[in-house]
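What follows is the content of my_file-v6.cif (mmCIF, C-alpha atoms and all ligand atoms).
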```cif
data_input
#
loop_
_atom_site.label_atom_id
_atom_site.label_comp_id
_atom_site.auth_asym_id
_atom_site.auth_seq_id
_atom_site.Cartn_x
_atom_site.Cartn_y
_atom_site.Cartn_z
CA MET A 1 -20.36 0.30 -13.39
CA LYS A 2 -18.78 -0.92 -16.63
CA ILE A 3 -20.04 -3.33 -19.27
CA THR A 4 -17.47 -6.11 -19.53
CA ASP A 5 -19.09 -8.40 -22.10
CA ILE A 6 -21.99 -8.81 -24.48
CA HIS A 7 -23.60 -12.16 -25.33
CA ILE A 8 -25.62 -12.24 -28.54
CA THR A 9 -27.79 -15.36 -28.77
CA PRO A 10 -30.00 -16.07 -31.80
CA ILE A 11 -32.96 -18.30 -30.91
CA ALA A 12 -35.86 -20.01 -32.72
CA ILE A 13 -39.27 -20.04 -31.04
CA ALA A 14 -42.29 -22.14 -31.95
CA ASP A 15 -44.74 -20.26 -34.14
CA PRO A 16 -48.04 -21.46 -35.66
CA PRO A 17 -48.74 -21.31 -39.43
CA LEU A 18 -50.12 -17.77 -39.45
CA LEU A 19 -50.99 -16.14 -42.78
CA ASN A 20 -50.16 -12.58 -43.67
CA ALA A 21 -49.51 -10.29 -46.60
CA ALA A 22 -45.98 -11.65 -47.04
CA GLY A 23 -47.04 -15.32 -47.01
CA LEU A 24 -46.93 -17.76 -44.12
CA HIS A 25 -45.11 -17.90 -40.79
CA ALA A 26 -42.53 -20.71 -40.58
CA PRO A 27 -42.98 -23.21 -37.68
CA PHE A 28 -40.58 -21.03 -35.72
CA ALA A 29 -39.87 -17.34 -35.47
CA LEU A 30 -36.38 -15.93 -34.98
CA ARG A 31 -35.35 -13.63 -32.14
CA ILE A 32 -32.00 -12.41 -30.84
CA ILE A 33 -31.39 -12.20 -27.11
CA VAL A 34 -28.73 -9.77 -25.92
CA GLU A 35 -27.13 -9.97 -22.49
CA LEU A 36 -24.84 -7.21 -21.23
CA VAL A 37 -22.62 -8.29 -18.34
CA THR A 38 -21.07 -5.78 -15.95
CA ASP A 39 -18.08 -5.64 -13.61
CA SER A 40 -20.58 -5.41 -10.73
CA GLY A 41 -21.97 -8.87 -11.57
CA LEU A 42 -25.25 -7.64 -13.10
CA SER A 43 -26.81 -8.85 -16.37
CA GLY A 44 -29.03 -6.63 -18.53
CA TRP A 45 -31.29 -8.17 -21.19
CA GLY A 46 -32.69 -7.11 -24.56
CA GLU A 47 -34.71 -8.96 -27.25
CA VAL A 48 -35.16 -8.06 -30.92
CA PRO A 49 -36.40 -9.79 -34.11
CA GLY A 50 -33.82 -12.24 -35.40
CA SER A 51 -31.87 -12.01 -38.64
CA GLU A 52 -28.29 -12.81 -39.53
CA GLY A 53 -27.82 -9.19 -40.61
CA THR A 54 -28.90 -7.88 -37.21
CA ARG A 55 -26.73 -10.46 -35.44
CA GLN A 56 -23.71 -9.33 -37.43
CA ALA A 57 -24.53 -5.66 -36.85
CA LEU A 58 -24.71 -6.36 -33.10
CA GLU A 59 -21.35 -8.16 -33.24
CA GLN A 60 -19.84 -5.18 -35.05
CA PHE A 61 -21.17 -2.89 -32.33
CA ARG A 62 -19.47 -4.90 -29.55
CA ASP A 63 -16.52 -2.50 -29.20
CA HIS A 64 -18.86 0.48 -28.71
CA VAL A 65 -20.48 -1.26 -25.75
CA VAL A 66 -17.77 -3.16 -23.91
CA GLY A 67 -15.94 -0.90 -21.44
CA LYS A 68 -18.81 1.65 -21.35
CA ASP A 69 -21.00 2.69 -18.43
CA PRO A 70 -24.65 1.67 -19.20
CA PHE A 71 -25.85 5.05 -17.87
CA GLN A 72 -23.85 6.82 -20.62
CA LEU A 73 -26.18 6.09 -23.51
CA ASN A 74 -25.03 9.12 -25.48
CA ALA A 75 -21.44 7.83 -25.37
CA ILE A 76 -22.52 4.32 -26.35
CA PHE A 77 -24.61 5.44 -29.29
CA ALA A 78 -22.44 8.33 -30.51
CA ALA A 79 -21.22 6.14 -33.37
CA LEU A 80 -24.65 4.89 -34.35
CA THR A 81 -26.98 7.23 -36.16
CA GLU A 82 -29.84 6.10 -38.30
CA SER A 83 -29.14 8.82 -40.86
CA ALA A 84 -25.62 7.50 -41.40
CA THR A 85 -26.87 4.17 -42.68
CA GLY A 86 -29.53 5.10 -45.24
CA GLU A 87 -31.32 1.83 -44.50
CA ALA A 88 -34.89 1.24 -45.70
CA ARG A 89 -37.57 -0.67 -43.80
CA GLY A 90 -38.40 -2.68 -46.96
CA THR A 91 -41.79 -3.72 -48.35
CA ALA A 92 -42.47 -6.62 -45.93
CA PRO A 93 -44.96 -6.14 -43.10
CA TRP A 94 -42.04 -6.12 -40.65
CA ASP A 95 -39.21 -3.61 -40.45
CA GLN A 96 -35.92 -4.82 -41.90
CA ARG A 97 -33.52 -2.11 -40.77
CA GLN A 98 -30.62 -3.29 -38.64
CA THR A 99 -29.34 -0.16 -36.97
CA VAL A 100 -32.54 0.61 -35.11
CA HIS A 101 -32.75 -2.98 -33.89
CA VAL A 102 -29.15 -2.89 -32.64
CA GLN A 103 -29.86 0.35 -30.84
CA SER A 104 -33.04 -1.06 -29.31
CA ALA A 105 -31.45 -4.30 -28.08
CA ILE A 106 -28.52 -2.51 -26.44
CA GLU A 107 -30.54 0.37 -25.04
CA VAL A 108 -33.16 -1.88 -23.44
CA ALA A 109 -30.40 -4.01 -21.89
CA CYS A 110 -28.73 -0.84 -20.56
CA TYR A 111 -32.02 0.28 -18.98
CA ASP A 112 -32.37 -3.16 -17.39
CA LEU A 113 -28.87 -2.68 -15.92
CA MET A 114 -29.56 0.87 -14.76
CA GLY A 115 -32.74 -0.24 -13.01
CA LYS A 116 -31.02 -3.19 -11.37
CA ALA A 117 -28.11 -0.97 -10.27
CA ILE A 118 -30.34 1.52 -8.45
CA GLY A 119 -33.09 -0.92 -7.46
CA ARG A 120 -35.87 0.74 -9.51
CA PRO A 121 -38.10 -0.53 -12.33
CA VAL A 122 -37.38 0.69 -15.86
CA VAL A 123 -40.66 2.62 -15.91
CA ASP A 124 -39.25 4.89 -13.18
CA LEU A 125 -36.29 5.73 -15.40
CA LEU A 126 -38.68 6.74 -18.18
CA GLY A 127 -40.63 9.22 -16.11
CA GLY A 128 -42.62 6.91 -13.85
CA LYS A 129 -45.98 5.24 -14.21
CA ALA A 130 -48.69 7.04 -16.15
CA ARG A 131 -50.78 3.88 -15.57
CA ASP A 132 -50.50 0.78 -13.38
CA ARG A 133 -51.69 -1.69 -15.98
CA VAL A 134 -51.14 -1.76 -19.74
CA PRO A 135 -54.06 -2.87 -21.97
CA PHE A 136 -53.47 -5.17 -24.95
CA ALA A 137 -55.66 -6.22 -27.90
CA ALA A 138 -56.47 -9.69 -29.23
CA TYR A 139 -54.40 -10.22 -32.38
CA LEU A 140 -56.17 -12.60 -34.80
CA PHE A 141 -54.68 -14.33 -37.81
CA TYR A 142 -56.09 -16.38 -40.63
CA LYS A 143 -54.16 -19.59 -40.23
CA TYR A 144 -53.72 -23.15 -41.32
CA GLU A 145 -54.12 -26.01 -38.89
CA GLY A 146 -51.07 -26.52 -36.68
CA ALA A 147 -49.28 -24.93 -33.79
CA GLY A 148 -45.57 -24.64 -34.39
CA GLY A 149 -44.63 -28.07 -35.76
CA ASP A 150 -41.94 -30.01 -33.98
CA PHE A 151 -40.45 -26.89 -32.53
CA GLY A 152 -42.30 -26.70 -29.28
CA LEU A 153 -46.03 -26.12 -29.45
CA GLY A 154 -46.84 -29.37 -31.27
CA LEU A 155 -50.37 -30.65 -31.73
CA ASP A 156 -52.11 -31.55 -28.50
CA GLU A 157 -55.30 -33.54 -29.17
CA SER A 158 -56.46 -33.18 -25.56
CA ALA A 159 -56.17 -29.36 -25.52
CA THR A 160 -59.24 -27.24 -24.81
CA GLY A 161 -60.01 -23.51 -24.83
CA TRP A 162 -57.35 -21.19 -26.26
CA PRO A 163 -54.60 -23.90 -26.50
CA ALA A 164 -56.99 -25.87 -28.73
CA ALA A 165 -58.02 -22.81 -30.77
CA ARG A 166 -54.37 -21.89 -31.25
CA GLN A 167 -53.84 -25.07 -33.25
CA GLN A 168 -57.09 -24.96 -35.25
CA ALA A 169 -57.38 -23.57 -38.76
CA ALA A 170 -59.13 -20.22 -39.27
CA LEU A 171 -59.69 -19.51 -42.95
CA ASP A 172 -63.01 -17.67 -43.04
CA ALA A 173 -65.23 -15.40 -40.98
CA GLU A 174 -66.55 -18.29 -38.90
CA GLY A 175 -63.03 -19.49 -38.06
CA ILE A 176 -61.94 -15.96 -37.14
CA VAL A 177 -64.90 -15.44 -34.81
CA ALA A 178 -64.16 -18.79 -33.10
CA GLN A 179 -60.49 -17.83 -32.72
CA ALA A 180 -61.47 -14.42 -31.32
CA LYS A 181 -63.86 -15.94 -28.78
CA ALA A 182 -61.22 -18.39 -27.53
CA MET A 183 -58.51 -15.74 -27.28
CA VAL A 184 -60.76 -13.18 -25.61
CA ASP A 185 -62.10 -15.78 -23.14
CA HIS A 186 -58.59 -16.79 -22.18
CA TYR A 187 -56.90 -13.38 -21.94
CA GLY A 188 -59.78 -10.98 -21.41
CA PHE A 189 -58.79 -8.62 -24.24
CA LYS A 190 -61.16 -5.70 -24.85
CA SER A 191 -60.10 -4.80 -28.41
CA ILE A 192 -59.60 -7.04 -31.44
CA LYS A 193 -57.28 -6.79 -34.44
CA LEU A 194 -57.31 -8.99 -37.54
CA LYS A 195 -54.20 -9.41 -39.65
CA GLY A 196 -55.42 -8.89 -43.21
CA GLY A 197 -53.78 -8.76 -46.63
CA VAL A 198 -54.35 -12.51 -46.92
CA PHE A 199 -57.62 -12.99 -48.82
CA GLU A 200 -59.66 -10.88 -51.23
CA PRO A 201 -60.76 -7.67 -49.46
CA ALA A 202 -64.43 -8.76 -49.51
CA VAL A 203 -63.56 -11.86 -47.44
CA GLU A 204 -61.67 -9.83 -44.85
CA VAL A 205 -64.44 -7.24 -44.63
CA GLU A 206 -66.90 -10.09 -44.06
CA SER A 207 -64.74 -11.29 -41.15
CA MET A 208 -64.75 -7.84 -39.58
CA ILE A 209 -68.53 -7.56 -39.89
CA ALA A 210 -68.89 -11.05 -38.38
CA LEU A 211 -66.66 -9.98 -35.47
CA GLN A 212 -68.84 -6.93 -34.87
CA GLU A 213 -71.98 -9.07 -34.94
CA ALA A 214 -70.41 -11.53 -32.49
CA PHE A 215 -68.91 -9.02 -30.04
CA GLY A 216 -71.16 -5.97 -30.41
CA LYS A 217 -70.41 -2.37 -31.32
CA ASP A 218 -68.63 -1.58 -28.06
CA VAL A 219 -65.64 -3.81 -28.79
CA PRO A 220 -63.10 -1.81 -30.82
CA LEU A 221 -62.06 -3.61 -34.02
CA ARG A 222 -59.06 -3.09 -36.33
CA LEU A 223 -58.07 -4.53 -39.70
CA ASP A 224 -54.48 -4.49 -40.99
CA PRO A 225 -53.98 -5.42 -44.70
CA ASN A 226 -50.28 -4.46 -44.44
CA ALA A 227 -50.44 -2.02 -47.38
CA LEU A 228 -51.55 -4.64 -49.92
CA TRP A 229 -54.62 -2.78 -51.18
CA LYS A 230 -54.79 -0.18 -53.95
CA VAL A 231 -56.16 3.23 -53.06
CA ASP A 232 -59.49 2.65 -54.85
CA THR A 233 -59.89 -0.75 -53.17
CA ALA A 234 -59.11 0.67 -49.74
CA ILE A 235 -61.69 3.43 -50.26
CA GLU A 236 -64.37 1.07 -51.59
CA TYR A 237 -63.98 -1.42 -48.72
CA GLY A 238 -63.17 1.27 -46.18
CA LYS A 239 -66.65 2.72 -46.74
CA LYS A 240 -68.16 -0.66 -45.88
CA LEU A 241 -66.11 -0.63 -42.67
CA GLU A 242 -67.27 2.79 -41.45
CA GLY A 243 -69.01 2.19 -38.14
CA VAL A 244 -67.25 -1.17 -37.86
CA LEU A 245 -63.58 -0.28 -37.34
CA GLU A 246 -61.94 1.66 -34.53
CA TYR A 247 -59.04 2.16 -36.91
CA TYR A 248 -57.93 1.06 -40.36
CA GLU A 249 -54.29 0.00 -40.24
CA ASP A 250 -52.02 0.44 -43.28
CA PRO A 251 -54.64 -0.36 -45.93
CA VAL A 252 -52.30 1.10 -48.62
CA ARG A 253 -48.60 1.70 -49.17
CA GLY A 254 -46.90 5.05 -48.63
CA GLN A 255 -47.83 8.33 -46.94
CA GLU A 256 -49.40 9.94 -50.01
CA ASN A 257 -51.69 6.96 -50.64
CA MET A 258 -52.59 6.73 -46.96
CA ALA A 259 -53.52 10.43 -47.05
CA ALA A 260 -55.81 9.84 -50.06
CA VAL A 261 -57.65 7.05 -48.20
CA ALA A 262 -57.80 9.10 -45.00
CA LYS A 263 -59.58 11.91 -46.87
CA ALA A 264 -62.16 9.60 -48.45
CA VAL A 265 -63.04 7.25 -45.60
CA ASP A 266 -64.51 8.16 -42.24
CA ILE A 267 -62.26 5.89 -40.12
CA PRO A 268 -58.98 6.94 -38.47
CA LEU A 269 -55.95 5.45 -40.23
CA ALA A 270 -53.11 3.87 -38.25
CA THR A 271 -49.63 2.87 -39.36
CA ASN A 272 -46.56 0.85 -38.55
CA MET A 273 -45.51 0.95 -42.22
CA CYS A 274 -45.62 4.45 -43.70
CA THR A 275 -44.36 6.51 -40.75
CA THR A 276 -41.70 4.41 -39.05
CA SER A 277 -38.75 6.70 -38.43
CA PHE A 278 -37.96 10.28 -37.49
CA ALA A 279 -37.04 10.88 -41.14
CA ASP A 280 -40.70 10.09 -42.00
CA LEU A 281 -42.18 12.68 -39.62
CA PRO A 282 -41.99 15.70 -41.97
CA GLY A 283 -43.93 13.65 -44.56
CA SER A 284 -46.46 12.64 -41.94
CA VAL A 285 -47.10 16.31 -41.19
CA GLN A 286 -47.14 17.30 -44.85
CA TRP A 287 -49.50 14.55 -45.99
CA GLN A 288 -51.49 13.90 -42.80
CA SER A 289 -50.96 10.26 -43.71
CA GLU A 290 -52.27 8.74 -40.50
CA ALA A 291 -54.20 9.60 -37.35
CA ILE A 292 -52.46 7.01 -35.17
CA ILE A 293 -48.86 5.85 -35.04
CA LEU A 294 -48.15 2.33 -33.87
CA SER A 295 -44.89 2.79 -32.10
CA ASP A 296 -42.44 -0.05 -31.53
CA HIS A 297 -39.29 0.33 -29.45
CA HIS A 298 -37.65 -2.41 -31.58
CA PHE A 299 -37.72 -0.31 -34.72
CA TRP A 300 -37.86 3.24 -33.43
CA GLY A 301 -34.50 2.58 -31.71
CA GLY A 302 -35.40 2.01 -28.07
CA PHE A 303 -37.12 3.71 -25.15
CA ARG A 304 -35.80 7.25 -25.44
CA ALA A 305 -36.67 7.42 -29.13
CA SER A 306 -40.17 6.09 -28.35
CA LEU A 307 -40.68 8.86 -25.80
CA GLU A 308 -39.62 11.40 -28.44
CA LEU A 309 -42.14 9.86 -30.82
CA ALA A 310 -44.82 10.15 -28.12
CA ARG A 311 -44.03 13.85 -27.83
CA PHE A 312 -44.42 14.23 -31.60
CA CYS A 313 -47.79 12.47 -31.42
CA ARG A 314 -48.95 14.80 -28.67
CA THR A 315 -47.76 17.88 -30.54
CA PHE A 316 -49.25 16.93 -33.89
CA GLY A 317 -52.45 15.36 -32.63
CA ARG A 318 -51.62 11.77 -33.48
CA GLY A 319 -53.00 8.89 -31.45
CA LEU A 320 -50.44 6.40 -30.21
CA SER A 321 -50.36 2.67 -29.69
CA MET A 322 -47.87 -0.13 -30.17
CA HIS A 323 -47.08 -2.64 -32.91
CA SER A 324 -45.70 -6.12 -32.35
CA ASN A 325 -44.09 -9.12 -34.01
CA SER A 326 -43.75 -12.72 -32.71
CA HIS A 327 -41.90 -12.28 -29.40
CA LEU A 328 -41.07 -13.59 -25.94
CA GLY A 329 -41.14 -12.12 -22.45
CA ILE A 330 -38.19 -9.74 -22.55
CA SER A 331 -39.84 -7.81 -25.36
CA LEU A 332 -43.20 -8.01 -23.59
CA ALA A 333 -41.71 -6.60 -20.36
CA ALA A 334 -40.02 -3.80 -22.32
CA MET A 335 -43.32 -2.97 -24.06
CA VAL A 336 -45.12 -2.83 -20.72
CA HIS A 337 -42.57 -0.47 -19.09
CA MET A 338 -42.56 1.70 -22.21
CA ALA A 339 -46.34 1.86 -22.48
CA ALA A 340 -46.73 2.54 -18.76
CA ALA A 341 -44.47 5.58 -19.05
CA VAL A 342 -46.29 7.25 -21.95
CA PRO A 343 -49.15 9.48 -20.78
CA ASN A 344 -50.70 9.78 -24.26
CA LEU A 345 -51.03 6.10 -25.07
CA THR A 346 -54.49 6.10 -26.59
CA TYR A 347 -55.21 2.55 -27.82
CA ASP A 348 -54.79 -1.01 -26.58
CA LEU A 349 -51.44 -2.42 -27.70
CA ASP A 350 -50.78 -5.20 -30.21
CA THR A 351 -49.07 -8.35 -29.02
CA HIS A 352 -48.36 -11.68 -30.70
CA TYR A 353 -47.72 -13.19 -27.25
CA PRO A 354 -50.79 -15.49 -27.14
CA TRP A 355 -49.37 -17.29 -30.17
CA GLN A 356 -46.14 -17.95 -28.27
CA ASP A 357 -47.45 -18.19 -24.71
CA GLY A 358 -46.71 -21.59 -23.22
CA ASP A 359 -43.72 -23.78 -22.68
CA ILE A 360 -41.30 -21.96 -24.97
CA GLU A 361 -40.69 -18.92 -22.74
CA ILE A 362 -37.11 -18.05 -21.65
CA VAL A 363 -38.41 -15.84 -18.85
CA SER A 364 -38.96 -17.91 -15.72
CA ASN A 365 -41.38 -15.35 -14.20
CA PRO A 366 -43.51 -14.51 -17.27
CA LEU A 367 -45.96 -11.61 -17.15
CA GLN A 368 -49.62 -12.58 -16.84
CA PHE A 369 -52.61 -11.07 -18.62
CA VAL A 370 -55.57 -10.22 -16.41
CA ASP A 371 -58.63 -8.78 -18.18
CA GLY A 372 -56.43 -8.15 -21.21
CA THR A 373 -53.97 -6.06 -19.23
CA ILE A 374 -50.53 -6.58 -17.70
CA ALA A 375 -49.47 -5.00 -14.41
CA VAL A 376 -46.33 -2.89 -14.55
CA SER A 377 -43.63 -4.60 -12.50
CA ASP A 378 -42.04 -2.81 -9.53
CA ALA A 379 -39.03 -5.13 -9.56
CA PRO A 380 -35.66 -3.60 -10.48
CA GLY A 381 -34.91 -3.23 -14.20
CA LEU A 382 -37.26 -4.99 -16.60
CA GLY A 383 -38.26 -7.38 -13.80
CA VAL A 384 -37.62 -10.52 -15.84
CA GLU A 385 -35.56 -13.52 -14.75
CA ILE A 386 -33.97 -15.53 -17.52
CA ASP A 387 -34.02 -19.32 -17.62
CA ARG A 388 -30.57 -19.94 -19.05
CA GLU A 389 -31.25 -23.61 -19.79
CA LYS A 390 -34.28 -22.67 -21.87
CA LEU A 391 -32.29 -19.99 -23.64
CA ALA A 392 -29.61 -22.56 -24.55
CA GLU A 393 -32.33 -24.96 -25.73
CA LEU A 394 -33.89 -22.34 -28.03
CA HIS A 395 -30.45 -21.48 -29.38
CA GLU A 396 -30.00 -25.18 -30.25
CA LYS A 397 -33.34 -25.02 -32.05
CA TYR A 398 -32.08 -22.01 -33.97
CA ILE A 399 -29.05 -23.97 -35.13
CA ALA A 400 -31.13 -27.05 -35.92
CA CYS A 401 -33.75 -25.18 -37.96
CA GLY A 402 -31.11 -23.72 -40.27
CA LEU A 403 -33.01 -20.47 -40.86
CA THR A 404 -31.21 -17.17 -40.54
CA GLU A 405 -33.85 -14.74 -41.87
CA ARG A 406 -37.63 -14.51 -41.75
CA ASN A 407 -38.99 -15.42 -45.18
CA ASP A 408 -42.76 -15.92 -45.28
CA GLU A 409 -42.78 -16.18 -49.08
CA ILE A 410 -40.65 -19.36 -49.13
CA GLU A 411 -42.83 -20.85 -46.40
CA MET A 412 -45.98 -20.06 -48.38
CA GLN A 413 -44.53 -21.64 -51.52
CA LYS A 414 -44.30 -24.94 -49.62
CA VAL A 415 -48.10 -25.03 -49.48
CA GLN A 416 -48.92 -22.96 -52.58
CA PRO A 417 -46.18 -23.60 -55.17
CA GLY A 418 -45.46 -20.54 -57.28
CA TRP A 419 -46.97 -18.08 -54.80
CA THR A 420 -45.12 -14.75 -54.81
CA PHE A 421 -45.26 -11.73 -52.55
CA GLN A 422 -46.75 -8.66 -54.23
CA PRO A 423 -46.28 -5.34 -52.46
CA THR A 424 -49.69 -4.25 -53.84
CA ARG A 425 -52.11 -7.10 -54.59
CA TRP A 426 -55.73 -5.95 -54.70
O1 LIG B 1 -46.60 -11.39 -37.72
O2 LIG B 1 -47.30 -11.76 -39.72
C1 LIG B 1 -47.05 -11.01 -38.81
C2 LIG B 1 -47.35 -9.53 -38.98
O3 LIG B 1 -47.69 -9.25 -40.31
C3 LIG B 1 -46.17 -8.70 -38.56
O4 LIG B 1 -45.00 -9.12 -39.21
C4 LIG B 1 -46.36 -7.21 -38.79
O5 LIG B 1 -45.14 -6.55 -38.62
O6 LIG B 1 -47.84 -7.29 -36.90
C5 LIG B 1 -47.29 -6.56 -37.83
C6 LIG B 1 -48.10 -5.40 -38.32
O7 LIG B 1 -48.93 -4.88 -37.56
O8 LIG B 1 -47.92 -4.95 -39.43
MG MG B 2 -49.54 -3.31 -38.88
#
```
Encoding of this model in structure tokens:
Amino acid sequence: MKITDIHITPIAIADPPLLNAAGLHAPFALRIIVELVTDSGLSGWGEVPGSEGTRQALEQFRDHVVGKDPFQLNAIFAALTESATGEARGTAPWDQRQTVHVQSAIEVACYDLMGKAIGRPVVDLLGGKARDRVPFAAYLFYKYEGAGGDFGLGLDESATGWPAARQQAALDAEGIVAQAKAMVDHYGFKSIKLKGGVFEPAVEVESMIALQEAFGKDVPLRLDPNALWKVDTAIEYGKKLEGVLEYYEDPVRGQENMAAVAKAVDIPLATNMCTTSFADLPGSVQWQSEAIILSDHHFWGGFRASLELARFCRTFGRGLSMHSNSHLGISLAAMVHMAAAVPNLTYDLDTHYPWQDGDIEIVSNPLQFVDGTIAVSDAPGLGVEIDREKLAELHEKYIACGLTERNDEIEMQKVQPGWTFQPTRW
């Protein structure tokens, strides 16, 4: 089997006005969909966060992919090593490196092809199922009213339940508890995460305490200020969150600062910001910067790298879960296969999917949440079927929206003129 072509399609997907440490989500999020076509008539699919830089990097990688056998991953990636690029993840909550995203998009699409070629699900190529269902957590956001503007989710006055809550504002503890109840009722999630770094720490701590009062002590809770707090602040408020949080996600920036908070506060620390690459692992061991690593095949460079990370976690006593960004069903399917294959997955996974779930999906057989979990597909490859018309429609939206990079600061300035992102705010 040989790869004969690669199609790289940037798309824009409807996204509600969610607040975070970097500002505000635009009415659409950007993704790139990669299709590898083979001489045997198969298509393999990958999905990664969208940016013009990543699109160009994928284009430049075309010649390393076309003509190759998708089973020969070492040959495909021989020219692509993270160390050769010296890229940094940046200070934003999301990872801005291109090389790892290129690797992830191509590798996932190759696994989809391998699975389709031999008639086995991707999970079987990663060692087989360690679990039949993968558990996810509710992912809450402070947000303004709205649900993705004119780009797909619109405002539906007749909506009820979660579709109604998805468009409502949530700007305080009461709003967050209402959002949590609607999301948990709809999807059955058993753990809850709040995206912090938006308001003064005291406000966010109040939301977490309100969530515990509403859901009880048995529902695991997490708060993620995306590294915006100073060490002293994180310790002061961390102490108020002892007995409330299951884990404290990236309260501060950098491994050394995380280690200082970890020593002072009796809550496990988790990260998708300070330990995000293999080059960071020696520092993780030296500093003991976190107890839990939130893996992500999009920025660790694919499935094989994620399995290597899982081995590190097992060896060095780290818990393991998964991070997410706004995404569609190809990424969700990849996350489910990946998570199903990792024996030491110790926490319910993040997913932004409820914020996108609905009529914007390019997968015509989307995965369904039951009791907060998704069943691992037995269909060949990733098990997703792509609706090509929808894909073309979302590409048109990408062109129409004119955005080529995620920039939450510019979006925030539209509602709060003069607002600027500060890597450390409180
Ligand atoms: O979607 O606004 C967001 C999040 O802040 C996201 O970009 C982060 O990468 O979810 C992420 C996280 O856990 O840090
Ligand atoms: Mg995080």
If you count all atoms listed in the file, which residues end up within 7 Å of ligand MG 2 (chain B), as a PyMOL selection string?
chain A and resi 93+224+226+249-250+271-273+323
Do you know which residues are within 9 Å of ligand LIG 1 (chain B) using all atoms listed in the file? Can you write them as number ranges by chain?
A: 18-25, 92-95, 139, 141, 195-197, 224-227, 249-250, 271-273, 294, 322-326, 350-352, 408
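For the set A:Asp132, A:Asp348, A:Asp232, A:Asp296, the residue with the smallest atom-to-atom gap to Tyr247 in chain A is A:Asp348, counting all atoms listed in the file.
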In Å, how far is it from CA of Val100 in chain A to CA of Phe299 in chain A?
5.3 Å
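Between CA of Val102 in chain A and CA of Tyr347 in chain A the separation is 27.1 Å.
When only C-alpha atoms are used to compute distances to Pro27 in chain A, the closest of the residues A:Ala147, A:Ile106, A:Cys313, A:Val285 turns out to be A:Ala147.
CA of Asp63 in chain A sits 10.6 Å away from CA of Ile3 in chain A.
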Can you tell me which residues surround range 29-41 of chain A at a distance of at most 9 Å, considering all atoms listed in the file, apart from same-chain residues fewer than 2 positions away, and format the answer as a ChimeraX atom specification?
/A:1-15,25-27,43-51,54-55,58,65-67,69-70,105-106,109-110,113,117,326-328,330,391,398,403-406
Minimum-distance residue to Pro282 in chain A, chosen among A:Gln103, A:Ser306, A:Phe312, A:Lys116 (using all atoms listed in the file)
A:Phe312
When distances are computed from all atoms listed in the file, which of A:Phe136, A:Trp162, A:Trp229, A:Phe77 shows the smallest separation from Ser191 in chain A?
A:Phe136
For Gly319 in chain A, the nearest of the candidates A:Asn344, A:Thr424, A:Ser104, A:Gln98, counting all atoms listed in the file:
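Of A:Asn344, A:Thr424, A:Ser104, A:Gln98, the one nearest Gly319 in chain A is A:Asn344, counting all atoms listed in the file.
The residue that comes closest to Gln288 in chain A, out of A:Glu256, A:Asp156, A:Glu204, A:Glu308 and on the basis of all atoms listed in the file, is A:Glu256.
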Can you report as JSON the centre and edge lengths in Å, to one decimal, of an axis-aligned box around the listed atoms of range 329-340 of chain A padded with 3 Å on each side?
```
{"center_x": -42.5, "center_y": -4.8, "center_z": -22.1, "size_x": 14.5, "size_y": 20.7, "size_z": 12.6}
```
Hey, what's within 8 Å of Tyr111 in chain A if we count all atoms listed in the file and toss same-chain stuff fewer than 6 positions away? As a list in words, please?
Gly44, Pro70, Phe71, Val122, Leu125, Gly381 and Leu382 of chain A
Show me, as an NGL selection string, the residues that have an atom within 12 Å of Arg314 in chain A when counting all atoms listed in the file, minus same-chain residues fewer than 6 positions from it.
:A and (291-293 or 307-308 or 320 or 342-346)
Neighbouring residues of Lys129 in chain A were defined as those with any atom within 9 Å, considering only C-alpha atoms; residues of the same chain fewer than 3 positions away were excluded. Please report them as a ChimeraX atom specification.
/A:123-124,126,132,337,339-343,376
Store the residues of this selection in a file with C-alpha atoms, as a short mmCIF file (atom, residue, chain, number, x, y, z; two decimals), in the coordinates of the input.
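That gives us selection-v1.cif:
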```cif
data_model
loop_
_atom_site.label_atom_id
_atom_site.label_comp_id
_atom_site.auth_asym_id
_atom_site.auth_seq_id
_atom_site.Cartn_x
_atom_site.Cartn_y
_atom_site.Cartn_z
CA VAL A 123 -40.66 2.62 -15.91
CA ASP A 124 -39.25 4.89 -13.18
CA LEU A 126 -38.68 6.74 -18.18
CA ASP A 132 -50.50 0.78 -13.38
CA HIS A 337 -42.57 -0.47 -19.09
CA ALA A 339 -46.34 1.86 -22.48
CA ALA A 340 -46.73 2.54 -18.76
CA ALA A 341 -44.47 5.58 -19.05
CA VAL A 342 -46.29 7.25 -21.95
CA PRO A 343 -49.15 9.48 -20.78
CA VAL A 376 -46.33 -2.89 -14.55
#
```
